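The structure under discussion appears below in the form of C-alpha cells.
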Amino acid sequence: MVTDKDLAPAHPTHSTALAFGAGAAIGVLGGMIGLGGAEFRLPLLISLFGFAALSAVILNKAMSLVVVITALPARLAAVSFTDLGAHWTVAINLLAGSLLGAWVGASWAVRMRSATLCKVLALLMVGMAAALVLTHTTSLGSLALPGAVQAAAGVAAGFGIGVVAAIMGVAGGELLIPTIVLLYGVDIKIAGSLSLLVSLPTMLVAFARYSRDGSFAVLGANLRFTALMAAGSIIGALLGGLLLGVIPDVALIPVLAIILLISAVKVARHATPTA
C-alpha cells in the first residue's frame with residue numbers, strides 16, 4: 001500500500017532552484033556525451049532528494065520521456081527520413097524484444113522491496129559505467145551475424161535493454177546505440193536516431209505498467225518538482241550538446257564512470273523502508 005509518506009521526498013524543503021540546477025547539471029553531463037543523462041539523475045533523486053527507490057524510478061522515467069520527446073524532432077531533422085526508412089527493420093527487430101522487456105522490468109520493479117531495488121539499481125549503475133567506458137574508448141564494428149541469428153540476437157538484446165530501461169527509468173540510449181552499431185552495422189549518427197524511435201514506445205509501455213501500480217501517484221504528487229528538473233535537464237542537455245567534443249573523451253569518460261560508481265555505492269547503502 002502506498003502512503004502519502006511514499007509520495008513525497010524525504011527532504012521536501014529543497015528549493016526549486018536546486019531541482020532545476022540539478023537537472024541542468026545532469027543534462028550537461030549527458031549532453032557532452034550525446035545522451036540524456038538519466039543514469040546520473042536517478043541516484044540524485046534517491047540520495048539528494050530522498051525519494052524511495054521506486055518513486056525515483058518513476059519520476060526518472062517521466063523526465064526521461066520528456067527529454068526524449070524534446071530531442072526527437074531535432075534528431076529527426078538531422079537524419080533524413082529516407083536514411084531512417086532504410087533501417088526500419090532494425091527498430092522493429094529491437095522493439096519486438098524491448099516492449100516485452102519494458103513491461104517485465106516494470107513489473108519486477110513494483111514488486112521489489114525498496115532495499116532490494118536499491119541494490120539492483122546499484123548493480124545496473126556499475127553496468128552502465130562499464131558500458132560507458134567500453135563504447136567510448138573502443139571502436140565499434142559490426143558482428144556480421146547471419147540473418148536469423150541477427151534477428152534473434154536483436155529480440156534478446158531489445159528485451160534486456162527494455163528491462164534495464166524500465167527498472168532504471170532511463171531511455172536506454174547508452175545501451176541501444178552500441179547495440180544497433182554492433183548488431184546491424186549502422187552508422188552511429190543514424191543509430192542515435194533509431195535509438196530514440198525504439199526508446200519512445202518502450203518507455204510508454206513501461207509507463208503504462210507503472211500506471212497500474214499505486215506508487216505511480218508519486219508523479220502527480222511531485223508534478224512541479226518533476227517539471228522543474230525536466231526543464232533543467234533539457235536546457236542542460238542543449239548546453240552539453242554545444243560542449244560536445246570540447247572535453248576529450250579520454251578525460252571525460254573516466255570521470256563520468258567514476259561518478260556512476262560512486263553513485264552506485266551510495267544507492268546500495270540507501271535503504272528506504274516501504275509501507
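Each chain in the C-alpha cells gets a letter, A, B and so on, in the order shown; residues start at 1 in every chain, and ligands are counted from 1 in the order they appear.
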Applying 8 Å and only C-alpha atoms, which residues near stretch 258-267 of chain A remain after dropping the ones on its own chain fewer than 6 positions away? List them as a PyMOL selection string. chain A and resi 39-40+43+46-47+118-119+121-123+125-126+128-129
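Candidate residues A:Ala17, A:Ala221, A:Leu143, A:Leu35 were compared for distance to A:Leu183, and the nearest is A:Leu143, using only C-alpha atoms.
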Considering only C-alpha atoms, tabulate each residue of stretch 174-259 of chain A that lies at most 12 Å from stretch 86-98 of chain A along with its nearest interatomic pair and the corresponding distance in Å to one decimal; arrange the rows by chain and ascending residue number and present them as a tab-separated table.
```
residue	atom	partner	partner_atom	distance
A:Leu175	CA	A:Leu94	CA	11.7
A:Leu176	CA	A:Leu94	CA	8.8
A:Ile177	CA	A:Leu94	CA	11.4
A:Thr179	CA	A:Leu94	CA	9.5
A:Ile180	CA	A:Val90	CA	7.6
A:Val181	CA	A:Val90	CA	10.4
A:Leu182	CA	A:Val90	CA	11.8
A:Leu183	CA	A:Val90	CA	9.2
A:Tyr184	CA	A:Val90	CA	7.3
A:Gly185	CA	A:Val90	CA	10.4
A:Val186	CA	A:His87	CA	8.2
A:Asp187	CA	A:His87	CA	10.6
A:Ile190	CA	A:His87	CA	8.8
A:Ala191	CA	A:His87	CA	9.3
A:Gly192	CA	A:Ala91	CA	11.5
A:Ser193	CA	A:Ala91	CA	10.1
A:Leu194	CA	A:Ala91	CA	6.4
A:Ser195	CA	A:Ala91	CA	7.8
A:Leu196	CA	A:Ala91	CA	9.5
A:Leu197	CA	A:Ala91	CA	7.0
A:Val198	CA	A:Ala91	CA	5.8
A:Ser199	CA	A:Ser98	CA	8.5
A:Leu200	CA	A:Leu95	CA	10.2
A:Pro201	CA	A:Leu95	CA	8.1
A:Thr202	CA	A:Ser98	CA	6.1
A:Met203	CA	A:Ser98	CA	9.3
A:Leu204	CA	A:Ser98	CA	11.2
A:Val205	CA	A:Ser98	CA	9.3
A:Ala206	CA	A:Ser98	CA	9.9
```
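One distance worth recording is that between atom CA of A:Ser233 and atom CA of A:Ser55, which is 18.4 Å.
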A straight line from atom CA of A:Ile161 to atom CA of A:Trp108 spans 14.3 Å
Env of A:Ser215: 7 Å cut, atoms = only C-alpha atoms, seq-sep filter 2 positions within chain, self excluded. Answer as a PyMOL selection string. chain A and resi 2+55+213+217-218
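Counting only C-alpha atoms, the residue from A:Gly241, A:Pro178, A:Pro73, A:Pro254 that sits nearest to A:Ile33 is A:Gly241.
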If you run DSSP on the backbone, which residues of stretch 43-245 of chain A are alpha helix (DSSP H), as an NGL selection string? :A and (43-47 or 53-78 or 81-85 or 88-111 or 114-137 or 147-168 or 173-184 or 188-210 or 217-221 or 223-242)
Counting only C-alpha atoms, which residue out of A:Val79, A:Val57, A:Ala151, A:Leu48 sits closest to A:Phe207? A:Val57
